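Structure file protein14.csv; described as CSV, C-alpha atoms.
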```
chain,number,residue,atom,x,y,z
H,1,MET,CA,-50.1,-37.4,-68.4
H,2,MET,CA,-50.1,-40.0,-71.1
H,3,THR,CA,-47.8,-40.4,-74.1
H,4,GLN,CA,-49.1,-42.3,-77.1
H,5,THR,CA,-47.4,-43.4,-80.3
H,6,VAL,CA,-49.5,-43.5,-83.5
H,7,GLU,CA,-48.5,-45.3,-86.7
H,8,LEU,CA,-50.5,-45.0,-89.8
H,9,ALA,CA,-50.9,-47.6,-92.6
H,10,PHE,CA,-51.4,-45.1,-95.3
H,11,THR,CA,-49.5,-42.2,-96.9
H,12,TYR,CA,-49.8,-39.0,-94.9
H,13,ARG,CA,-48.3,-35.5,-95.7
H,14,MET,CA,-47.5,-34.3,-92.2
H,15,GLU,CA,-44.8,-32.0,-93.4
H,16,ASP,CA,-47.4,-30.2,-95.5
H,17,VAL,CA,-49.9,-30.2,-92.7
H,18,LEU,CA,-47.4,-28.4,-90.4
H,19,LYS,CA,-46.5,-25.9,-93.0
H,20,ARG,CA,-50.1,-25.0,-93.5
H,21,LEU,CA,-50.8,-24.8,-89.8
H,22,ALA,CA,-47.7,-22.5,-89.4
H,23,LEU,CA,-49.3,-20.0,-91.7
H,24,ASP,CA,-51.7,-19.1,-88.9
H,25,PRO,CA,-49.8,-17.0,-86.3
H,26,LEU,CA,-52.1,-18.4,-83.6
H,27,ASN,CA,-50.8,-21.9,-84.1
H,28,SER,CA,-47.7,-23.1,-82.2
H,29,VAL,CA,-45.7,-24.9,-84.8
H,30,ASP,CA,-42.0,-25.9,-84.8
H,31,LEU,CA,-41.1,-26.9,-88.3
H,32,SER,CA,-37.5,-27.9,-87.4
H,33,ASN,CA,-38.7,-30.4,-84.8
H,34,GLN,CA,-41.9,-31.3,-86.8
H,35,THR,CA,-44.2,-30.5,-83.8
H,36,VAL,CA,-47.4,-28.7,-83.2
H,37,LYS,CA,-48.9,-27.9,-79.8
H,38,ILE,CA,-52.7,-27.9,-79.7
H,39,PRO,CA,-55.1,-26.8,-76.9
H,40,ILE,CA,-57.9,-29.2,-75.9
H,41,ASP,CA,-59.9,-28.4,-72.8
H,42,GLU,CA,-57.1,-26.1,-71.9
H,43,THR,CA,-54.7,-29.0,-71.9
H,44,ILE,CA,-51.7,-28.5,-74.2
H,45,ILE,CA,-51.0,-31.6,-76.3
H,46,THR,CA,-47.9,-31.9,-78.5
H,47,VAL,CA,-48.0,-33.8,-81.7
H,48,GLN,CA,-44.6,-34.7,-83.2
H,49,SER,CA,-43.9,-36.4,-86.5
H,50,ILE,CA,-41.1,-38.9,-86.3
H,51,GLY,CA,-42.0,-41.0,-89.4
H,52,THR,CA,-42.0,-40.5,-93.2
H,53,LEU,CA,-44.5,-39.8,-96.0
H,54,HIS,CA,-45.1,-43.4,-96.6
H,55,GLU,CA,-44.5,-44.7,-93.1
H,56,PRO,CA,-46.1,-42.0,-90.9
H,57,LYS,CA,-45.5,-42.2,-87.2
H,58,PHE,CA,-46.3,-39.7,-84.4
H,59,ILE,CA,-45.7,-39.2,-80.7
H,60,LEU,CA,-48.5,-37.5,-78.8
H,61,THR,CA,-47.5,-36.1,-75.4
H,62,GLY,CA,-49.4,-34.2,-72.7
H,63,LEU,CA,-52.7,-36.2,-73.0
H,64,GLU,CA,-54.8,-36.4,-69.8
H,65,THR,CA,-57.8,-38.4,-70.9
H,66,GLU,CA,-58.8,-41.0,-73.5
H,67,GLU,CA,-61.3,-38.4,-74.9
H,68,GLN,CA,-58.5,-36.0,-75.6
H,69,TYR,CA,-56.6,-38.8,-77.4
H,70,GLU,CA,-59.6,-39.6,-79.6
H,71,ARG,CA,-60.0,-35.9,-80.3
H,72,VAL,CA,-56.4,-35.5,-81.5
H,73,LEU,CA,-56.9,-38.6,-83.7
H,74,SER,CA,-60.0,-37.0,-85.2
H,75,ILE,CA,-58.5,-33.5,-85.7
H,76,PHE,CA,-55.5,-34.9,-87.6
H,77,HIS,CA,-57.4,-37.6,-89.5
H,78,PHE,CA,-55.3,-40.3,-87.9
H,79,ASN,CA,-58.4,-42.4,-87.2
H,80,ARG,CA,-59.6,-42.7,-90.8
H,81,SER,CA,-57.5,-44.2,-93.6
H,82,LEU,CA,-56.9,-41.9,-96.6
H,83,LEU,CA,-56.4,-45.0,-98.8
H,84,PRO,CA,-60.0,-45.7,-99.8
H,85,ILE,CA,-60.4,-42.0,-100.7
H,86,HIS,CA,-57.2,-42.0,-102.8
H,87,GLU,CA,-58.3,-45.2,-104.6
H,88,HIS,CA,-61.8,-43.7,-105.2
H,89,PHE,CA,-60.4,-40.6,-106.9
H,90,LEU,CA,-58.0,-42.5,-109.1
H,91,GLU,CA,-61.1,-43.6,-111.0
H,92,THR,CA,-62.4,-40.0,-111.5
H,93,ASN,CA,-61.5,-36.9,-113.5
H,94,LEU,CA,-59.5,-35.6,-110.5
H,95,HIS,CA,-57.1,-38.5,-110.5
H,96,SER,CA,-54.0,-36.4,-111.4
H,97,LEU,CA,-54.6,-34.2,-108.3
H,98,PHE,CA,-54.9,-37.2,-106.0
H,99,VAL,CA,-51.6,-38.6,-107.4
H,100,LYS,CA,-49.9,-35.2,-107.0
H,101,PHE,CA,-51.2,-34.6,-103.4
H,102,GLU,CA,-51.6,-38.1,-102.2
H,103,GLY,CA,-51.9,-38.3,-98.4
H,104,THR,CA,-53.4,-34.8,-97.8
H,105,PRO,CA,-55.9,-35.0,-94.9
H,106,ILE,CA,-58.7,-32.7,-93.8
H,107,ILE,CA,-57.4,-31.1,-90.6
H,108,THR,CA,-60.2,-29.7,-88.4
H,109,ASP,CA,-59.9,-26.6,-86.3
H,110,PHE,CA,-59.0,-27.1,-82.6
H,111,SER,CA,-62.0,-25.2,-81.4
H,112,LEU,CA,-65.6,-25.2,-82.8
H,113,TYR,CA,-66.2,-21.7,-81.4
H,114,GLY,CA,-62.8,-20.6,-82.8
H,115,ASN,CA,-63.9,-21.9,-86.2
H,116,ILE,CA,-67.0,-19.8,-86.3
H,117,ILE,CA,-65.4,-16.7,-85.0
H,118,LYS,CA,-62.4,-17.0,-87.4
H,119,SER,CA,-64.8,-17.5,-90.4
H,120,ILE,CA,-66.8,-14.4,-89.5
H,121,ILE,CA,-63.6,-12.3,-89.1
H,122,HIS,CA,-62.3,-13.6,-92.5
H,123,GLN,CA,-65.5,-12.7,-94.4
H,124,GLN,CA,-64.7,-10.2,-97.2
H,125,LEU,CA,-61.2,-9.5,-96.0
H,126,ASN,CA,-57.9,-10.3,-97.6
H,127,LEU,CA,-56.1,-13.2,-95.9
H,128,THR,CA,-53.2,-11.2,-94.4
H,129,PHE,CA,-55.4,-8.7,-92.6
H,130,ALA,CA,-57.9,-11.4,-91.6
H,131,ARG,CA,-55.2,-13.3,-89.8
H,132,THR,CA,-53.9,-10.1,-88.2
H,133,LEU,CA,-57.4,-9.2,-87.0
H,134,THR,CA,-58.0,-12.7,-85.6
H,135,GLU,CA,-54.7,-12.6,-83.8
H,136,ARG,CA,-55.5,-9.2,-82.3
H,137,PHE,CA,-58.9,-10.5,-81.2
H,138,VAL,CA,-57.4,-13.6,-79.4
H,139,HIS,CA,-54.5,-11.7,-77.9
H,140,THR,CA,-56.8,-9.1,-76.5
H,141,PHE,CA,-59.5,-11.3,-75.0
H,142,SER,CA,-57.7,-14.5,-74.1
H,143,ASN,CA,-54.4,-15.8,-72.9
H,144,SER,CA,-51.7,-18.3,-73.8
H,145,LYS,CA,-50.7,-21.5,-72.0
H,146,GLU,CA,-47.3,-23.1,-72.6
H,147,GLY,CA,-46.9,-20.7,-75.5
H,148,VAL,CA,-50.2,-21.8,-77.1
H,149,TRP,CA,-53.0,-19.2,-77.6
H,150,LEU,CA,-56.5,-20.2,-76.6
H,151,TYR,CA,-59.6,-18.7,-78.1
H,152,PRO,CA,-61.6,-16.6,-75.6
H,153,SER,CA,-64.7,-18.0,-74.1
H,154,PRO,CA,-68.1,-17.0,-75.7
H,155,GLU,CA,-69.1,-15.7,-72.2
H,156,ILE,CA,-66.3,-13.1,-72.3
H,157,ILE,CA,-67.1,-11.9,-75.8
H,158,ALA,CA,-70.9,-11.9,-75.1
H,159,GLU,CA,-70.3,-9.1,-72.6
H,160,LEU,CA,-68.5,-6.8,-75.0
H,161,ASN,CA,-70.0,-3.8,-76.6
H,162,VAL,CA,-69.7,-3.1,-80.3
H,163,ASP,CA,-67.4,0.0,-79.8
H,164,THR,CA,-64.8,-2.2,-78.2
H,165,LEU,CA,-64.4,-4.2,-81.4
H,166,ARG,CA,-64.8,-1.2,-83.6
H,167,GLN,CA,-61.7,0.3,-82.0
H,168,MET,CA,-59.8,-2.9,-83.1
H,169,GLN,CA,-60.8,-2.3,-86.8
H,170,PHE,CA,-63.9,-4.5,-86.8
H,171,SER,CA,-66.8,-3.2,-88.9
H,172,THR,CA,-69.9,-2.4,-86.9
H,173,ARG,CA,-71.8,-5.3,-88.6
H,174,LYS,CA,-69.0,-7.8,-88.0
H,175,ALA,CA,-68.8,-6.7,-84.3
H,176,GLU,CA,-72.5,-7.2,-83.9
H,177,TYR,CA,-72.3,-10.7,-85.5
H,178,ILE,CA,-69.5,-11.9,-83.2
H,179,ILE,CA,-71.1,-10.6,-80.0
H,180,GLY,CA,-74.5,-11.9,-81.0
H,181,ILE,CA,-73.3,-15.4,-81.8
H,182,SER,CA,-71.2,-15.4,-78.6
H,183,LYS,CA,-74.3,-14.5,-76.6
H,184,ALA,CA,-76.3,-17.3,-78.3
H,185,ILE,CA,-73.7,-19.8,-77.3
H,186,ALA,CA,-73.2,-18.4,-73.8
H,187,GLU,CA,-76.9,-18.5,-73.1
H,188,GLY,CA,-77.2,-22.0,-74.4
H,189,ALA,CA,-79.4,-21.2,-77.5
H,190,LEU,CA,-76.7,-22.4,-79.8
H,191,ASN,CA,-74.7,-25.6,-78.8
H,192,LEU,CA,-71.9,-26.1,-81.3
H,193,GLU,CA,-70.9,-29.5,-79.9
H,194,SER,CA,-74.4,-30.9,-80.1
H,195,LEU,CA,-74.5,-30.0,-83.8
H,196,ALA,CA,-71.9,-32.7,-84.4
H,197,THR,CA,-74.5,-35.4,-84.4
H,198,GLY,CA,-76.8,-33.7,-86.9
H,199,SER,CA,-77.0,-34.1,-90.6
H,200,ASP,CA,-75.3,-31.6,-92.9
H,201,ASP,CA,-78.6,-30.1,-93.8
H,202,PHE,CA,-79.7,-29.8,-90.2
H,203,VAL,CA,-76.4,-28.1,-89.2
H,204,LEU,CA,-76.7,-25.6,-92.1
H,205,SER,CA,-80.3,-24.8,-91.3
H,206,GLU,CA,-79.5,-24.2,-87.6
H,207,LEU,CA,-76.4,-22.1,-88.2
H,208,ILE,CA,-77.8,-19.7,-90.8
H,209,LYS,CA,-80.6,-18.7,-88.4
H,210,TYR,CA,-77.9,-16.4,-86.8
H,211,ARG,CA,-76.9,-13.0,-88.2
H,212,GLY,CA,-73.4,-13.3,-89.6
H,213,ILE,CA,-73.6,-16.9,-90.6
H,214,GLY,CA,-74.4,-17.4,-94.2
H,215,PRO,CA,-73.9,-20.6,-96.3
H,216,TRP,CA,-70.1,-20.0,-96.7
H,217,THR,CA,-69.5,-19.8,-93.0
H,218,ALA,CA,-71.8,-22.7,-92.2
H,219,GLU,CA,-70.1,-24.9,-94.9
H,220,SER,CA,-66.7,-23.9,-93.4
H,221,PHE,CA,-68.0,-25.1,-90.0
H,222,LEU,CA,-69.1,-28.4,-91.5
H,223,LEU,CA,-65.9,-29.0,-93.3
H,224,PHE,CA,-63.2,-27.5,-91.0
H,225,GLY,CA,-65.1,-27.7,-87.8
H,226,LEU,CA,-66.8,-31.0,-87.9
H,227,GLY,CA,-64.7,-32.6,-90.7
H,228,ARG,CA,-67.7,-33.7,-92.8
H,229,GLU,CA,-66.5,-35.7,-95.8
H,230,ASN,CA,-69.0,-35.1,-98.6
H,231,LEU,CA,-69.3,-31.3,-98.9
H,232,PHE,CA,-68.5,-29.2,-101.9
H,233,PRO,CA,-69.0,-25.4,-101.5
H,234,LEU,CA,-70.2,-24.6,-105.0
H,235,ALA,CA,-70.1,-20.8,-104.5
H,236,ASP,CA,-66.4,-20.8,-103.5
H,237,ILE,CA,-64.4,-18.7,-105.9
H,238,GLY,CA,-61.2,-20.6,-105.3
H,239,LEU,CA,-62.8,-23.9,-106.3
H,240,GLN,CA,-64.3,-22.4,-109.4
H,241,ASN,CA,-60.9,-21.0,-110.4
H,242,SER,CA,-59.2,-24.3,-109.7
H,243,LEU,CA,-61.8,-26.2,-111.8
H,244,LYS,CA,-61.3,-23.5,-114.6
H,245,GLN,CA,-57.6,-24.5,-114.6
H,246,GLN,CA,-58.2,-28.2,-114.3
H,247,TRP,CA,-60.8,-28.3,-117.1
H,248,HIS,CA,-58.8,-25.8,-119.4
H,249,LEU,CA,-61.7,-23.4,-119.6
H,250,ASP,CA,-61.5,-19.7,-120.5
H,251,ARG,CA,-63.9,-18.7,-117.7
H,252,LYS,CA,-65.0,-20.0,-114.3
H,253,PRO,CA,-67.4,-23.0,-114.6
H,254,MET,CA,-71.0,-22.3,-113.6
H,255,LYS,CA,-72.6,-24.2,-110.7
H,256,SER,CA,-74.7,-26.1,-113.2
H,257,GLU,CA,-71.5,-27.3,-114.9
H,258,ILE,CA,-70.0,-28.5,-111.6
H,259,ILE,CA,-73.0,-30.3,-110.1
H,260,PRO,CA,-73.0,-33.2,-112.5
H,261,HIS,CA,-69.5,-34.2,-111.3
H,262,LEU,CA,-70.4,-34.3,-107.6
H,263,ALA,CA,-72.0,-37.8,-107.9
H,264,SER,CA,-68.7,-39.3,-109.2
H,265,TRP,CA,-66.7,-37.6,-106.4
H,266,ALA,CA,-69.2,-38.7,-103.7
H,267,PRO,CA,-69.1,-39.7,-100.9
H,268,TYR,CA,-65.8,-37.7,-100.6
H,269,ASN,CA,-66.7,-34.3,-102.1
H,270,SER,CA,-64.9,-32.6,-99.3
H,271,TYR,CA,-61.6,-34.1,-100.5
H,272,ALA,CA,-62.3,-33.0,-104.0
H,273,ALA,CA,-62.6,-29.5,-102.7
H,274,LEU,CA,-59.5,-29.8,-100.5
H,275,TYR,CA,-57.3,-31.1,-103.4
H,276,LEU,CA,-58.6,-28.4,-105.8
H,277,TRP,CA,-57.8,-25.7,-103.3
H,278,ARG,CA,-54.3,-27.2,-102.8
H,279,ASN,CA,-53.7,-27.1,-106.5
H,280,ILE,CA,-54.0,-23.3,-106.7
H,281,GLU,CA,-52.1,-22.4,-103.5
```
Represent the structure from my file as structure tokens, please.
Amino acid sequence: MMTQTVELAFTYRMEDVLKRLALDPLNSVDLSNQTVKIPIDETIITVQSIGTLHEPKFILTGLETEEQYERVLSIFHFNRSLLPIHEHFLETNLHSLFVKFEGTPIITDFSLYGNIIKSIIHQQLNLTFARTLTERFVHTFSNSKEGVWLYPSPEIIAELNVDTLRQMQFSTRKAEYIIGISKAIAEGALNLESLATGSDDFVLSELIKYRGIGPWTAESFLLFGLGRENLFPLADIGLQNSLKQQWHLDRKPMKSEIIPHLASWAPYNSYAALYLWRNIE
């Protein structure tokens, strides 16, 4: 087991990160000790914040490999400075948001498969019930290790029948989606890890071939699965409402009104989206 200390040379809102992670009942967060335990390759790694907003410092314990260390750095955005992004947006029409929420990173999900399954479960459901259903799914078909719940393997879910998920309050269609995608992954037709090397357009085109994965789910995978930096989900209602507020409109802006701004926010459109979401939470 390895222990690593990480110090960042840029502002980083770890307290906010932990509060957001704690909203998901499947995450193992201890706000009083400023820790989160995350599963990587069934190894449980603890990330503890021991620094401050302007002098962030972390202790990572439980690491077994260098690859796991790099993965933690990537998940928490420790390996890429937020400073160039902050400075970029100070010159845009979103500057006030980037002053207000300076140091807010994109945190990616701990599991790519978990990201896809969670997105499908959340489709067209209110957030509270979606989280309950996701928790029920994980608790039923997987197990915990050191108090941390792991997403079930695609191989297990691929063998289920639709009625099993229907009895857990999944719709028939959603049950079919989850089982179908799990089968594709289990059989090797869909390799989520290999998508990480593809362009945004390639990833989108590959994912939407599968029933249950539309543009919203595919974009969520790019943003919160792979951590892509230049993505703005134009159809997202939350972003439209945030821009309505930001631009003092009496209605949500149309896509045609948003698109001209993307060039000035590039190459960091994902952060524009993140900070706009934060502003209406």
Give me the residues near segment 163-176 of chain H as a VMD selection string, where near means some atom within 10 Å (using all atoms listed in the file) and where sequence neighbours in that chain fewer than 4 positions away do not count. chain H and resid 120 to 123 133 136 to 137 140 157 180 to 182 211 to 212
Output as JSON lines one row per residue of segment 223-250 of chain H within 12 Å of segment 189-195 of chain H: the closest atom pair and its distance in Å to one decimal place, counting all atoms listed in the file, sorted by chain and residue number ascending.
```
{"residue": "H:Gly225", "atom": "CA", "partner": "H:Leu192", "partner_atom": "CA", "distance": 9.5}
{"residue": "H:Leu226", "atom": "CA", "partner": "H:Leu195", "partner_atom": "CA", "distance": 8.8}
{"residue": "H:Arg228", "atom": "CA", "partner": "H:Leu195", "partner_atom": "CA", "distance": 11.9}
```
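Here the question is which of H:Leu112, H:Leu125, H:Ile280, H:Ile259 gets nearest to Pro152 of chain H using only C-alpha atoms, and that residue is H:Leu112.
Of the residues under consideration (H:Arg278, H:His248, H:Asp30, H:Pro267), H:Pro267 shows the shortest atom-to-atom contact distance to Ile85 of chain H when counting only C-alpha atoms.
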(-53.8, -27.9, -67.0) in this file's frame - what residues fall within 12 Å of it? Use only C-alpha atoms and give the answer as a ChimeraX atom specification. /H:1,39-45,62-65,144-146
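Checking H:Glu66, H:Glu15, H:Asp24, H:Glu219 one by one against Ile50 of chain H, counting all atoms listed in the file, you find the shortest gap at H:Glu15.
Between Gly238 of chain H and the residues H:Leu204, H:Leu276, H:Ala266, H:Ala218, the shortest atom-to-atom distance, using only C-alpha atoms, involves H:Leu276.
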List as a short mmCIF file (atom, residue, chain, number, x, y, z; two decimals) with C-alpha atoms, in the coordinates of the input the protein and nucleic acid residues near Thr134 of chain H, meaning an atom at most 9 Å away when all atoms listed in the file are counted, but skip any in the same chain fewer than 5 places from it.
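File written: around-v2.cif
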```cif
data_model
loop_
_atom_site.label_atom_id
_atom_site.label_comp_id
_atom_site.auth_asym_id
_atom_site.auth_seq_id
_atom_site.Cartn_x
_atom_site.Cartn_y
_atom_site.Cartn_z
CA LEU H 26 -52.10 -18.40 -83.60
CA ILE H 117 -65.40 -16.70 -85.00
CA LYS H 118 -62.40 -17.00 -87.40
CA ILE H 121 -63.60 -12.30 -89.10
CA HIS H 122 -62.30 -13.60 -92.50
CA PHE H 129 -55.40 -8.70 -92.60
CA HIS H 139 -54.50 -11.70 -77.90
#
```
I'd like to know which of H:Glu91, H:Phe202, H:Leu97, H:Pro25 is closest to Thr132 of chain H, using all atoms listed in the file. H:Pro25
What lies within 10 Å of Ile179 of chain H using only C-alpha atoms, ignoring chain neighbours under 6 positions off, as a PyMOL selection string? chain H and resi 117+154-162+165+185
Restrict the selected residues to C-alpha atoms and save them as a compact mmCIF listing (two decimals), in the frame of the given file.
```txt
# COMPACT_ATOMS: atom_id res chain seq x y z
CA ILE H 117 -65.40 -16.70 -85.00
CA PRO H 154 -68.10 -17.00 -75.70
CA GLU H 155 -69.10 -15.70 -72.20
CA ILE H 156 -66.30 -13.10 -72.30
CA ILE H 157 -67.10 -11.90 -75.80
CA ALA H 158 -70.90 -11.90 -75.10
CA GLU H 159 -70.30 -9.10 -72.60
CA LEU H 160 -68.50 -6.80 -75.00
CA ASN H 161 -70.00 -3.80 -76.60
CA VAL H 162 -69.70 -3.10 -80.30
CA LEU H 165 -64.40 -4.20 -81.40
CA ILE H 185 -73.70 -19.80 -77.30
```
What separation in Å, quoted to one decimal, exists between atom CA of Leu207 of chain H and atom CA of Arg71 of chain H? 22.8 Å
Separating atom CA of Lys209 of chain H from atom CA of Ala273 of chain H, to the nearest tenth of an Å, is a gap of 25.4 Å
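A cut-off of 10 Å from the point (-64.4, -27.4, -111.0), with all atoms listed in the file, picks out the residues Leu94, Leu234, Gly238, Leu239, Gln240, Asn241, Ser242, Leu243, Lys244, Gln245, Gln246, Trp247, Leu249, Lys252, Pro253, Met254, Lys255, Glu257, Ile258, Ile259, His261, Leu262, Ala272, Ala273 and Leu276 of chain H.
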Show which residues sit within 12 Å of Leu90 of chain H, as a PyMOL selection string. Count all atoms listed in the file, and ignore same-chain residues fewer than 2 positions away. chain H and resi 83-88+92-102+264-265+272
Proximity to Ile208 of chain H - best of H:Leu21, H:Leu60, H:Val47, H:Ile116, all atoms listed in the file: H:Ile116
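We find atom CA of Phe221 of chain H and atom CA of Asn115 of chain H to be spaced 6.4 Å apart.
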